[in-house]
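Structure file entry.pdb; described as PDB, C-alpha atoms.
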ATOM      1  CA  MET Q   1      13.118   2.969-128.872
ATOM      2  CA  ARG Q   2      16.762   1.915-128.822
ATOM      3  CA  ALA Q   3      19.124   3.657-131.225
ATOM      4  CA  LEU Q   4      21.111   1.608-133.747
ATOM      5  CA  PRO Q   5      24.595   2.477-135.051
ATOM      6  CA  ILE Q   6      24.413   4.461-138.277
ATOM      7  CA  ARG Q   7      26.933   2.381-140.272
ATOM      8  CA  SER Q   8      29.669  -0.148-139.763
ATOM      9  CA  GLY Q   9      33.089   0.316-141.339
ATOM     10  CA  SER Q  10      32.899   4.114-141.361
ATOM     11  CA  LYS Q  11      34.551   6.790-139.300
ATOM     12  CA  PRO Q  12      32.276   7.870-136.441
ATOM     13  CA  ALA Q  13      29.882  10.743-136.937
ATOM     14  CA  VAL Q  14      30.223  13.379-134.213
ATOM     15  CA  ILE Q  15      27.140  15.208-132.993
ATOM     16  CA  TYR Q  16      27.268  18.423-130.973
ATOM     17  CA  LEU Q  17      23.865  18.715-129.268
ATOM     18  CA  VAL Q  18      23.206  22.239-128.020
ATOM     19  CA  ARG Q  19      20.258  23.461-126.018
ATOM     20  CA  HIS Q  20      19.034  26.948-126.917
ATOM     21  CA  GLY Q  21      20.090  29.803-124.647
ATOM     22  CA  HIS Q  22      18.048  31.041-121.699
ATOM     23  CA  SER Q  23      14.679  32.256-122.987
ATOM     24  CA  THR Q  24      11.973  34.712-122.002
ATOM     25  CA  ALA Q  25       9.851  31.702-120.993
ATOM     26  CA  ASN Q  26      12.652  30.407-118.747
ATOM     27  CA  LEU Q  27      12.801  33.858-117.170
ATOM     28  CA  LYS Q  28       9.085  33.768-116.362
ATOM     29  CA  GLY Q  29       8.944  30.109-115.287
ATOM     30  CA  ILE Q  30       6.624  29.205-118.174
ATOM     31  CA  LEU Q  31       6.459  25.923-120.100
ATOM     32  CA  ALA Q  32       6.883  27.446-123.546
ATOM     33  CA  GLY Q  33       6.278  24.403-125.701
ATOM     34  CA  ARG Q  34       5.991  25.409-129.360
ATOM     35  CA  ASP Q  35       5.134  29.053-128.732
ATOM     36  CA  ARG Q  36       6.874  31.012-131.510
ATOM     37  CA  SER Q  37       6.655  34.289-129.569
ATOM     38  CA  ILE Q  38       9.380  33.083-127.175
ATOM     39  CA  HIS Q  39      12.860  34.503-127.785
ATOM     40  CA  LEU Q  40      16.205  34.551-126.016
ATOM     41  CA  SER Q  41      16.410  36.626-122.842
ATOM     42  CA  GLN Q  42      19.245  39.052-122.199
ATOM     43  CA  ARG Q  43      20.961  36.288-120.243
ATOM     44  CA  GLY Q  44      20.442  33.979-123.213
ATOM     45  CA  LEU Q  45      22.031  36.436-125.634
ATOM     46  CA  SER Q  46      25.105  36.583-123.413
ATOM     47  CA  GLU Q  47      25.197  32.782-123.189
ATOM     48  CA  VAL Q  48      25.069  32.203-126.931
ATOM     49  CA  ALA Q  49      27.923  34.655-127.524
ATOM     50  CA  LEU Q  50      30.047  32.508-125.192
ATOM     51  CA  LEU Q  51      28.753  29.359-126.884
ATOM     52  CA  ALA Q  52      29.829  30.687-130.289
ATOM     53  CA  LYS Q  53      33.309  31.421-128.967
ATOM     54  CA  ARG Q  54      33.552  27.900-127.534
ATOM     55  CA  LEU Q  55      32.643  26.365-130.917
ATOM     56  CA  GLU Q  56      34.568  28.738-133.189
ATOM     57  CA  THR Q  57      37.411  26.266-133.867
ATOM     58  CA  VAL Q  58      35.130  23.289-134.612
ATOM     59  CA  LYS Q  59      34.561  22.542-138.287
ATOM     60  CA  PHE Q  60      30.965  21.542-138.973
ATOM     61  CA  ALA Q  61      29.651  19.753-142.060
ATOM     62  CA  GLY Q  62      26.081  20.799-141.236
ATOM     63  CA  ILE Q  63      24.115  22.920-138.779
ATOM     64  CA  TYR Q  64      20.554  21.888-137.894
ATOM     65  CA  SER Q  65      17.887  23.422-135.726
ATOM     66  CA  SER Q  66      14.457  23.078-134.267
ATOM     67  CA  PRO Q  67      12.257  25.511-136.234
ATOM     68  CA  LEU Q  68      11.465  27.587-133.121
ATOM     69  CA  PRO Q  69      12.958  31.108-132.880
ATOM     70  CA  ARG Q  70      14.899  30.547-129.653
ATOM     71  CA  CYS Q  71      16.949  27.805-131.315
ATOM     72  CA  ILE Q  72      17.507  29.749-134.531
ATOM     73  CA  GLU Q  73      18.653  32.766-132.490
ATOM     74  CA  THR Q  74      21.073  30.540-130.582
ATOM     75  CA  LEU Q  75      22.712  29.331-133.786
ATOM     76  CA  SER Q  76      22.855  32.774-135.382
ATOM     77  CA  SER Q  77      25.885  33.698-133.272
ATOM     78  CA  VAL Q  78      27.637  30.471-134.269
ATOM     79  CA  LEU Q  79      27.038  31.269-137.962
ATOM     80  CA  GLU Q  80      28.548  34.757-137.835
ATOM     81  CA  THR Q  81      31.978  33.379-138.762
ATOM     82  CA  ARG Q  82      30.728  30.571-141.038
ATOM     83  CA  SER Q  83      29.570  32.166-144.277
ATOM     84  CA  ASN Q  84      29.707  28.785-146.049
ATOM     85  CA  LEU Q  85      26.963  27.265-143.865
ATOM     86  CA  GLU Q  86      23.261  27.852-143.334
ATOM     87  CA  ILE Q  87      20.867  26.655-140.671
ATOM     88  CA  GLU Q  88      18.696  23.782-141.853
ATOM     89  CA  LEU Q  89      15.386  23.609-139.991
ATOM     90  CA  VAL Q  90      14.289  20.101-138.999
ATOM     91  CA  ASP Q  91      10.718  19.591-137.803
ATOM     92  CA  ASP Q  92      11.588  16.425-135.867
ATOM     93  CA  LEU Q  93      13.915  18.450-133.599
ATOM     94  CA  ILE Q  94      11.087  20.700-132.417
ATOM     95  CA  GLU Q  95      10.092  20.970-128.770
ATOM     96  CA  MET Q  96       7.662  18.493-127.218
ATOM     97  CA  ASP Q  97       4.019  19.258-127.927
ATOM     98  CA  TYR Q  98       2.771  19.847-124.391
ATOM     99  CA  GLY Q  99      -0.807  20.351-125.576
ATOM    100  CA  LYS Q 100      -2.980  22.100-122.986
ATOM    101  CA  TRP Q 101       0.033  22.482-120.696
ATOM    102  CA  SER Q 102       1.798  24.832-123.123
ATOM    103  CA  SER Q 103       2.354  28.441-122.003
ATOM    104  CA  LYS Q 104       1.342  27.626-118.417
ATOM    105  CA  LYS Q 105       3.338  28.446-115.279
ATOM    106  CA  LEU Q 106       5.523  25.558-114.111
ATOM    107  CA  SER Q 107       4.625  26.408-110.525
ATOM    108  CA  THR Q 108       0.978  25.683-111.395
ATOM    109  CA  LEU Q 109       1.724  22.585-113.477
ATOM    110  CA  SER Q 110       3.813  21.039-110.693
ATOM    111  CA  LYS Q 111       0.615  20.735-108.616
ATOM    112  CA  LYS Q 112      -1.195  18.671-111.263
ATOM    113  CA  SER Q 113      -1.840  14.983-110.606
ATOM    114  CA  LEU Q 114       0.161  14.060-113.727
ATOM    115  CA  TRP Q 115       3.341  15.747-112.461
ATOM    116  CA  PRO Q 116       4.717  12.857-110.313
ATOM    117  CA  THR Q 117       4.330  10.462-113.251
ATOM    118  CA  ILE Q 118       6.207  12.888-115.510
ATOM    119  CA  GLN Q 119       9.080  12.895-113.046
ATOM    120  CA  LYS Q 120       9.188   9.136-112.335
ATOM    121  CA  ASN Q 121       7.631   7.361-115.324
ATOM    122  CA  PRO Q 122       7.658   9.687-118.358
ATOM    123  CA  SER Q 123       7.320   6.680-120.681
ATOM    124  CA  GLN Q 124       3.682   6.472-119.529
ATOM    125  CA  VAL Q 125       2.855  10.123-120.177
ATOM    126  CA  ARG Q 126       0.920  11.769-122.969
ATOM    127  CA  PHE Q 127       0.166  15.450-122.446
ATOM    128  CA  PRO Q 128      -3.500  16.490-122.700
ATOM    129  CA  ASP Q 129      -4.160  17.138-126.413
ATOM    130  CA  GLY Q 130      -0.407  16.818-126.962
ATOM    131  CA  GLU Q 131       2.447  14.430-127.594
ATOM    132  CA  SER Q 132       3.788  11.510-125.593
ATOM    133  CA  PHE Q 133       7.383  11.275-124.397
ATOM    134  CA  ALA Q 134       7.706   8.051-126.408
ATOM    135  CA  GLU Q 135       6.666   9.786-129.633
ATOM    136  CA  MET Q 136       9.038  12.691-129.010
ATOM    137  CA  ASN Q 137      11.846  10.273-128.197
ATOM    138  CA  ALA Q 138      11.332   8.302-131.408
ATOM    139  CA  ARG Q 139      11.153  11.259-133.788
ATOM    140  CA  SER Q 140      14.076  13.204-132.277
ATOM    141  CA  THR Q 141      16.487  10.259-132.062
ATOM    142  CA  SER Q 142      15.575   9.206-135.600
ATOM    143  CA  ALA Q 143      16.384  12.739-136.759
ATOM    144  CA  VAL Q 144      19.841  12.621-135.162
ATOM    145  CA  LEU Q 145      20.617   9.255-136.777
ATOM    146  CA  ARG Q 146      19.355  10.502-140.137
ATOM    147  CA  LEU Q 147      21.403  13.726-140.043
ATOM    148  CA  ALA Q 148      24.650  12.146-138.815
ATOM    149  CA  LYS Q 149      27.513  12.233-141.317
ATOM    150  CA  PRO Q 150      30.229   9.543-140.940
ATOM    151  CA  GLY Q 151      33.617  11.124-140.280
ATOM    152  CA  LYS Q 152      32.118  14.613-139.895
ATOM    153  CA  ASN Q 153      30.949  16.958-137.129
ATOM    154  CA  ILE Q 154      27.434  18.343-137.148
ATOM    155  CA  LEU Q 155      25.776  20.838-134.814
ATOM    156  CA  ILE Q 156      22.177  20.409-133.663
ATOM    157  CA  CYS Q 157      20.234  22.927-131.568
ATOM    158  CA  SER Q 158      17.109  21.725-129.808
ATOM    159  CA  HIS Q 159      15.300  21.795-126.454
ATOM    160  CA  GLY Q 160      15.892  20.479-122.949
ATOM    161  CA  ASP Q 161      13.444  17.572-122.885
ATOM    162  CA  VAL Q 162      14.276  16.623-126.465
ATOM    163  CA  ILE Q 163      18.012  16.458-125.753
ATOM    164  CA  LYS Q 164      17.403  14.506-122.542
ATOM    165  CA  ALA Q 165      15.372  11.965-124.523
ATOM    166  CA  ILE Q 166      18.047  11.627-127.224
ATOM    167  CA  LEU Q 167      20.804  11.093-124.662
ATOM    168  CA  THR Q 168      18.725   8.592-122.683
ATOM    169  CA  ASN Q 169      18.062   6.653-125.867
ATOM    170  CA  LEU Q 170      21.676   6.654-127.070
ATOM    171  CA  LEU Q 171      22.867   5.559-123.632
ATOM    172  CA  GLY Q 172      20.687   2.467-124.087
ATOM    173  CA  SER Q 173      18.696   3.465-121.026
ATOM    174  CA  HIS Q 174      14.973   3.257-120.376
ATOM    175  CA  LEU Q 175      12.949   6.384-121.119
ATOM    176  CA  ASP Q 176      11.908   6.509-117.457
ATOM    177  CA  ASN Q 177      15.490   7.590-116.664
ATOM    178  CA  LEU Q 178      15.075  10.772-118.708
ATOM    179  CA  GLN Q 179      14.640  13.016-115.653
ATOM    180  CA  ARG Q 180      18.003  11.866-114.260
ATOM    181  CA  ILE Q 181      19.728  13.992-116.892
ATOM    182  CA  GLY Q 182      20.065  17.757-116.553
ATOM    183  CA  ILE Q 183      20.408  19.898-119.685
ATOM    184  CA  ASP Q 184      21.034  23.605-119.066
ATOM    185  CA  PRO Q 185      20.523  26.499-121.488
ATOM    186  CA  ALA Q 186      23.379  26.895-123.994
ATOM    187  CA  SER Q 187      24.949  23.615-122.848
ATOM    188  CA  ILE Q 188      26.822  21.237-125.159
ATOM    189  CA  SER Q 189      26.533  17.459-125.196
ATOM    190  CA  MET Q 190      28.817  15.546-127.574
ATOM    191  CA  ILE Q 191      28.099  12.120-129.064
ATOM    192  CA  SER Q 192      29.897   9.941-131.589
ATOM    193  CA  LEU Q 193      28.002   7.390-133.668
ATOM    194  CA  GLY Q 194      29.984   4.501-135.079
ATOM    195  CA  THR Q 195      29.707   0.825-134.283
ATOM    196  CA  ARG Q 196      27.885   1.985-131.156
ATOM    197  CA  PRO Q 197      26.867   5.360-129.716
ATOM    198  CA  ILE Q 198      29.403   6.913-127.332
ATOM    199  CA  ILE Q 199      28.517   9.883-125.113
ATOM    200  CA  HIS Q 200      31.670  11.999-124.729
ATOM    201  CA  SER Q 201      30.123  14.798-122.690
ATOM    202  CA  MET Q 202      26.732  15.831-121.339
ATOM    203  CA  ASN Q 203      25.534  19.265-120.276
ATOM    204  CA  ASP Q 204      28.926  20.945-120.667
ATOM    205  CA  THR Q 205      28.538  24.551-119.491
ATOM    206  CA  SER Q 206      32.217  25.284-118.801
ATOM    207  CA  HIS Q 207      32.175  27.977-121.499
ATOM    208  CA  LEU Q 208      29.513  29.886-119.542
ATOM    209  CA  GLN Q 209      31.717  30.321-116.451
ATOM    210  CA  ALA Q 210      28.624  29.736-114.333
ATOM    211  CA  SER Q 211      28.312  29.313-110.593
ATOM    212  CA  LYS Q 212      28.397  25.734-109.335
ATOM    213  CA  ASN Q 213      25.394  26.297-107.056
ATOM    214  CA  LEU Q 214      23.344  23.434-108.485
ATOM    215  CA  ASP Q 215      19.604  23.013-108.180
ATOM    216  CA  SER Q 216      18.642  19.319-108.248
ATOM    217  CA  ARG Q 217      14.894  19.867-108.560
ATOM    218  CA  ALA Q 218      13.421  17.930-111.467
ATOM    219  CA  THR Q 219      11.806  20.241-113.996
ATOM    220  CA  LEU Q 220       9.809  19.896-117.177
ATOM    221  CA  GLY Q 221      10.815  21.486-120.454
ATOM    222  CA  GLY Q 222      14.449  21.447-119.375
ATOM    223  CA  GLY Q 223      13.779  24.242-116.892
ATOM    224  CA  SER Q 224      15.745  27.463-116.782
ATOM    225  CA  GLY Q 225      18.924  25.527-116.126
ATOM    226  CA  GLY Q 226      20.305  23.569-113.227
ATOM    227  CA  LEU Q 227      22.035  26.660-111.922
ATOM    228  CA  LYS Q 228      20.207  28.888-109.483
ATOM    229  CA  THR Q 229      19.917  32.511-110.490
TER     230      THR Q 229
END
Produce structure tokens that represent the structure in this file.
Amino acid sequence: MRALPIRSGSKPAVIYLVRHGHSTANLKGILAGRDRSIHLSQRGLSEVALLAKRLETVKFAGIYSSPLPRCIETLSSVLETRSNLEIELVDDLIEMDYGKWSSKKLSTLSKKSLWPTIQKNPSQVRFPDGESFAEMNARSTSAVLRLAKPGKNILICSHGDVIKAILTNLLGSHLDNLQRIGIDPASISMISLGTRPIIHSMNDTSHLQASKNLDSRATLGGGSGGLKT
């Protein structure tokens, strides 16, 4: 799916795409999927406090979230100083349905025969009893285009693979390039949608004051972040 501009003749819509903070699943190396028992870790709680501070001067016309707790918890800090706004839950922003792979250790999943295809040709992958990357890509990008407000900023909180798919799509790139993008916990990616999509930043973690010791290993589910801990 290739994204289309939302409208011509309007001021660009600006989208702040945020990945949820570090989670208890990230801590354990588990592919959480849609498990609603997963919450932010202590590291994640610290990250989202810094995220809220980074965004405190940005005026948002709407705040939208995946319905999973780790995303809602991430946005709760941002809302502390915005009594005029509420989080709107959007089903199409939810994490990939990993089917039978959900809640399994990534170290175990990386030995599966499907793993190399996930890393090199995700457009060909459907998870056992789950969703395909193509389906996730279509629903999540459509949600962003639907929620965008010309001339306004909106904030969206979602998941690593979902954000990678959205950015790949809006860059006009093939879905098989999805794994070339890294999206860390509590990172910000900023997009404007006007006559054409423009990516202003990807995976901005400057507000987290993190180490620059990068880990280039490709991971599923966004991983625990590109930074070694």
Inset, instruction - May I have the residues within 9 Å of Q:Leu51 as JSON, numbers by chain, using all atoms listed in the file and disregarding those fewer than 4 positions away in the same chain? - result: {"Q": [21, 46, 47, 55, 56, 74, 77, 78, 186, 187, 188, 205, 207, 208]}
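When the distance limit is 6 Å and all atoms listed in the file are what count, the residues near stretch 124-139 of chain Q, minus those fewer than 6 positions from it on the same chain, are Q:Asp92, Q:Asp97, Q:Tyr98, Q:Gly99, Q:Lys100, Q:Ala165.
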Restricting the output to C-alpha atoms, write the selected residues as a compact mmCIF listing (two decimals), keeping the file's coordinate frame.
# COMPACT_ATOMS: atom_id res chain seq x y z
CA ASP Q 92 11.59 16.42 -135.87
CA ASP Q 97 4.02 19.26 -127.93
CA TYR Q 98 2.77 19.85 -124.39
CA GLY Q 99 -0.81 20.35 -125.58
CA LYS Q 100 -2.98 22.10 -122.99
CA ALA Q 165 15.37 11.96 -124.52
Name the residues in contact with Q:Thr108 at a cut-off of 12 Å, using all atoms listed in the file, excluding same-chain residues fewer than 6 positions from it; report them as a short mmCIF file (atom, residue, chain, number, x, y, z; two decimals) with C-alpha atoms, in the frame of the given file.
data_model
loop_
_atom_site.label_atom_id
_atom_site.label_comp_id
_atom_site.auth_asym_id
_atom_site.auth_seq_id
_atom_site.Cartn_x
_atom_site.Cartn_y
_atom_site.Cartn_z
CA GLY Q 29 8.94 30.11 -115.29
CA ILE Q 30 6.62 29.20 -118.17
CA LEU Q 31 6.46 25.92 -120.10
CA TRP Q 101 0.03 22.48 -120.70
CA SER Q 102 1.80 24.83 -123.12
CA LEU Q 114 0.16 14.06 -113.73
CA TRP Q 115 3.34 15.75 -112.46
#
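Picked out by the PyMOL selection byres ((chain Q and resi 149-153) around 6) when it runs on this file: Lys11, Pro12, Ala13, Val14, Ile15, Phe60, Ala61, Ala148 and Ile154 of chain Q.
Closest approach to Q:Asn121 among Q:Thr195, Q:His174, Q:Gly182, Q:Met202: Q:His174, based on only C-alpha atoms.
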Legend entry - Reference answer for the PyMOL selection byres ((chain Q and resi 144) around 12), as number ranges by chain: Q: 3-6, 13-17, 62-66, 90-93, 137-143, 145-149, 154-158, 162-163, 165-167, 169-170, 191-193, 197
Writer output for current selection, C-alpha atoms, as a short mmCIF file (atom, residue, chain, number, x, y, z; two decimals), keeping the file's coordinate frame:
data_model
loop_
_atom_site.label_atom_id
_atom_site.label_comp_id
_atom_site.auth_asym_id
_atom_site.auth_seq_id
_atom_site.Cartn_x
_atom_site.Cartn_y
_atom_site.Cartn_z
CA ALA Q 3 19.12 3.66 -131.22
CA LEU Q 4 21.11 1.61 -133.75
CA PRO Q 5 24.60 2.48 -135.05
CA ILE Q 6 24.41 4.46 -138.28
CA ALA Q 13 29.88 10.74 -136.94
CA VAL Q 14 30.22 13.38 -134.21
CA ILE Q 15 27.14 15.21 -132.99
CA TYR Q 16 27.27 18.42 -130.97
CA LEU Q 17 23.86 18.72 -129.27
CA GLY Q 62 26.08 20.80 -141.24
CA ILE Q 63 24.12 22.92 -138.78
CA TYR Q 64 20.55 21.89 -137.89
CA SER Q 65 17.89 23.42 -135.73
CA SER Q 66 14.46 23.08 -134.27
CA VAL Q 90 14.29 20.10 -139.00
CA ASP Q 91 10.72 19.59 -137.80
CA ASP Q 92 11.59 16.42 -135.87
CA LEU Q 93 13.92 18.45 -133.60
CA ASN Q 137 11.85 10.27 -128.20
CA ALA Q 138 11.33 8.30 -131.41
CA ARG Q 139 11.15 11.26 -133.79
CA SER Q 140 14.08 13.20 -132.28
CA THR Q 141 16.49 10.26 -132.06
CA SER Q 142 15.58 9.21 -135.60
CA ALA Q 143 16.38 12.74 -136.76
CA LEU Q 145 20.62 9.26 -136.78
CA ARG Q 146 19.36 10.50 -140.14
CA LEU Q 147 21.40 13.73 -140.04
CA ALA Q 148 24.65 12.15 -138.82
CA LYS Q 149 27.51 12.23 -141.32
CA ILE Q 154 27.43 18.34 -137.15
CA LEU Q 155 25.78 20.84 -134.81
CA ILE Q 156 22.18 20.41 -133.66
CA CYS Q 157 20.23 22.93 -131.57
CA SER Q 158 17.11 21.72 -129.81
CA VAL Q 162 14.28 16.62 -126.46
CA ILE Q 163 18.01 16.46 -125.75
CA ALA Q 165 15.37 11.96 -124.52
CA ILE Q 166 18.05 11.63 -127.22
CA LEU Q 167 20.80 11.09 -124.66
CA ASN Q 169 18.06 6.65 -125.87
CA LEU Q 170 21.68 6.65 -127.07
CA ILE Q 191 28.10 12.12 -129.06
CA SER Q 192 29.90 9.94 -131.59
CA LEU Q 193 28.00 7.39 -133.67
CA PRO Q 197 26.87 5.36 -129.72
#
Inset, instruction - Could you jot down the atom CA of Q:Arg34 to atom CA of Q:Ile94 separation for me, Å, one decimal place? - result: 7.6 Å
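Distances here use only C-alpha atoms; by that measure, the residue among Q:Thr57, Q:Gln119, Q:Ser110, Q:Ser23 closest to Q:Asp184 is Q:Ser23.
Counting only C-alpha atoms, the residue from Q:Ile87, Q:Ile118, Q:Val48, Q:Met96 that sits nearest to Q:Asp35 is Q:Met96.
With distances restricted to only C-alpha atoms, Q:Arg36 is the closest residue to Q:Cys71 from Q:Arg43, Q:Arg36, Q:Lys111, Q:Lys59.
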